[in-house]
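Peer 1: Here's a structure for you.
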Amino acid sequence: MKEDFFELAGQRFTSRLIVGTGKYRDFAETRAAIEASGAEIVTVAVRRVNITDPSQENLLDYIDPKKYQILPNTAGCYTVEEAVRTCRLAREAGVGDLVKLEVIGDQRTLFPDVPATLEAARILVKEGFRVLPYITDDPVACLRLAEIGCAAVMPLAAPIGSGLGIRNPYNLRIILEQAKLPVIVDAGVGTASDAALAMELGCDGLLINSAIASAKDPIAMARAMRMGVEAGRLAYLAGRIEQKLYATASSPLGGLIR
């Protein structure tokens, strides 16, 4: 496992778990949960959490950018213009050009606006951003984003914050089969078994926020998610046995005592 690196946008990471920074009680709890998760990439909603104004309480006072890869995201953006402008703001603030792109199409479900996401991704890639787009679990949409030049695709497992787990493993399998770039499951994970399942399917990583931050004990859940991701990845690498309808004896059949 020590040699099993997670490669994303030209960088290597040991952890395959990306964590969000919203919904915690305060920045101190955010920091404690991140540390417990073992994550090396931390995503921040630029429009909701301050990382650009040093004169105000700043999340970066609690999370060291030298220790963690800060991944600004465009949560809360409903248009191409809003999303592109938010990414530009983050880059101008010195956060970097690795961004998580969200263009929401529906306020109730928080599903992405697929055409707008494709358009925004095209603009940002041309401007030199390394784009990680949040998208539906649609193999065709993921393929188009790969063709545009995104650094990864981030299909949802279920609606954001729903905790429903992976609703359509079959679409994820198709996305994984045709992908020539990292596939990171984003949204819908509820507990550690969901994280393990995503990794067992062969996903490259997971982005989790609500399932940790809204848990009764966020710090304990952060540790659980860390172990779930590690267990699922190890099971994927180990190779599960074939599923069969009937039993197969687990003991050797040769040399029976008669």
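Just remember, in the structure tokens the first chain shown is A, the second B, etc., residues are 1-based per chain, and ligands are 1-based in the order shown.
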Fewer than 2 positions away in the same chain doesn't count, so skip those; otherwise give me all residues within 12 Å of region 237-240 of chain A, counting only C-alpha atoms, as a count of residues only.
Peer 2: 17
Peer 1: How close does region 137-234 of chain A get to region 99-111 of chain A? List, as JSON lines, each residue of region 137-234 of chain A within 9 Å, its nearest atom pair and the distance in Å to one decimal, counting only C-alpha atoms.
Peer 2:
```
{"residue": "A:Met154", "atom": "CA", "partner": "A:Lys100", "partner_atom": "CA", "distance": 8.9}
{"residue": "A:Leu156", "atom": "CA", "partner": "A:Phe111", "partner_atom": "CA", "distance": 8.7}
{"residue": "A:Pro159", "atom": "CA", "partner": "A:Thr109", "partner_atom": "CA", "distance": 6.3}
{"residue": "A:Ile160", "atom": "CA", "partner": "A:Leu110", "partner_atom": "CA", "distance": 6.5}
```
Peer 1: Based on the selection just made, write N, CA, C and O atoms of those residues as an mmCIF file, in the first residue's frame.
Peer 2:
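Produced file selection-v2.cif, reproduced below:
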```
data_model
loop_
_atom_site.group_PDB
_atom_site.id
_atom_site.type_symbol
_atom_site.label_atom_id
_atom_site.label_comp_id
_atom_site.auth_asym_id
_atom_site.auth_seq_id
_atom_site.Cartn_x
_atom_site.Cartn_y
_atom_site.Cartn_z
ATOM 1 N N MET A 154 -15.688 13.883 -11.496
ATOM 2 C CA MET A 154 -16.198 13.661 -10.142
ATOM 3 C C MET A 154 -17.699 13.365 -10.183
ATOM 4 O O MET A 154 -18.524 14.222 -9.853
ATOM 5 N N LEU A 156 -21.328 12.088 -9.108
ATOM 6 C CA LEU A 156 -22.008 11.949 -7.824
ATOM 7 C C LEU A 156 -22.410 10.497 -7.583
ATOM 8 O O LEU A 156 -22.651 9.739 -8.534
ATOM 9 N N PRO A 159 -27.523 12.441 -4.368
ATOM 10 C CA PRO A 159 -27.585 13.890 -4.171
ATOM 11 C C PRO A 159 -26.688 14.372 -3.027
ATOM 12 O O PRO A 159 -26.486 13.676 -2.031
ATOM 13 N N ILE A 160 -26.165 15.580 -3.178
ATOM 14 C CA ILE A 160 -25.274 16.179 -2.185
ATOM 15 C C ILE A 160 -25.932 16.170 -0.804
ATOM 16 O O ILE A 160 -27.075 16.601 -0.634
#
```
Peer 1: Using CA of Ala116 (chain A) and CA of Pro139 (chain A) as the two end points, give the distance in Å to one decimal.
Peer 2: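 Interatomic distance here is 16.8 Å.
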Peer 1: Point out the residue among A:Tyr68, A:Ala146, A:Ala9, A:Leu176 with the least atom-to-atom distance to Asp97 (chain A), counting only C-alpha atoms.
Peer 2: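 Of the candidates, the smallest distance to Asp97 (chain A) is held by A:Ala9.
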Peer 1: Using only C-alpha atoms, which of the listed residues (A:Lys244, A:Arg88, A:Arg173, A:Arg226) sits closest to Thr14 (chain A)?
Peer 2: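 Counting only C-alpha atoms, the residue closest to Thr14 (chain A) is A:Arg226.
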Peer 1: With the cut-off set at 12 Å and counting only C-alpha atoms, tabulate each residue of region 201-244 of chain A with an atom at most that distance from an atom of region 22-25 of chain A, showing the nearest atom pair and its distance in Å to one decimal, ordered by chain and increasing number, as a Markdown table.
Peer 2:
```
| residue | atom | partner | partner_atom | distance |
| --- | --- | --- | --- | --- |
| A:Ile208 | CA | A:Gly22 | CA | 10.4 |
| A:Asn209 | CA | A:Gly22 | CA | 6.9 |
| A:Ser210 | CA | A:Lys23 | CA | 7.1 |
| A:Ala211 | CA | A:Lys23 | CA | 10.1 |
| A:Ile212 | CA | A:Tyr24 | CA | 8.9 |
| A:Ala213 | CA | A:Tyr24 | CA | 5.3 |
| A:Ser214 | CA | A:Lys23 | CA | 6.8 |
| A:Ala215 | CA | A:Tyr24 | CA | 9.8 |
| A:Lys216 | CA | A:Tyr24 | CA | 11.2 |
| A:Asp217 | CA | A:Tyr24 | CA | 10.8 |
| A:Pro218 | CA | A:Tyr24 | CA | 8.3 |
| A:Ile219 | CA | A:Tyr24 | CA | 10.6 |
```
Peer 1: Identify, on the basis of only C-alpha atoms, every residue whose closest approach to region 70-81 of chain A does not exceed 9 Å; exclude the query and any residue fewer than 2 positions from it along the same chain; express the result as a PyMOL selection string.
Peer 2: chain A and resi 40-48+51+63-65+68+83-87+90-91+95-107+112-113+116-117+119-121
Peer 1: Using backbone DSSP assignments, extract all alpha helix (DSSP H) residues from region 65-228 of chain A; output them as number ranges by chain.
Peer 2: A: 80-92, 114-126, 139-148, 169-178, 192-201, 210-213, 218-228
Peer 1: With distances taken over only C-alpha atoms, which residue among A:Ala151, A:Ile18, A:Cys142, A:Val189 lies nearest Leu164 (chain A)?
Peer 2: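 Of A:Ala151, A:Ile18, A:Cys142, A:Val189, the one nearest Leu164 (chain A) is A:Val189, counting only C-alpha atoms.
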Peer 1: DSSP on the backbone, then: every residue of region 20-144 of chain A marked strand (DSSP E), written as a ChimeraX atom specification.
Peer 2: /A:20,41-45,69-73,98-101,130-135
Peer 1: CA of Val131 (chain A) and CA of Asn171 (chain A) are how many Å apart?
Peer 2: 21.7 Å
Peer 1: So, counting only C-alpha atoms, which residue among A:Gln69, A:Leu207, A:Pro169, A:Gly20 is closest to Pro133 (chain A)?
Peer 2: A:Leu207
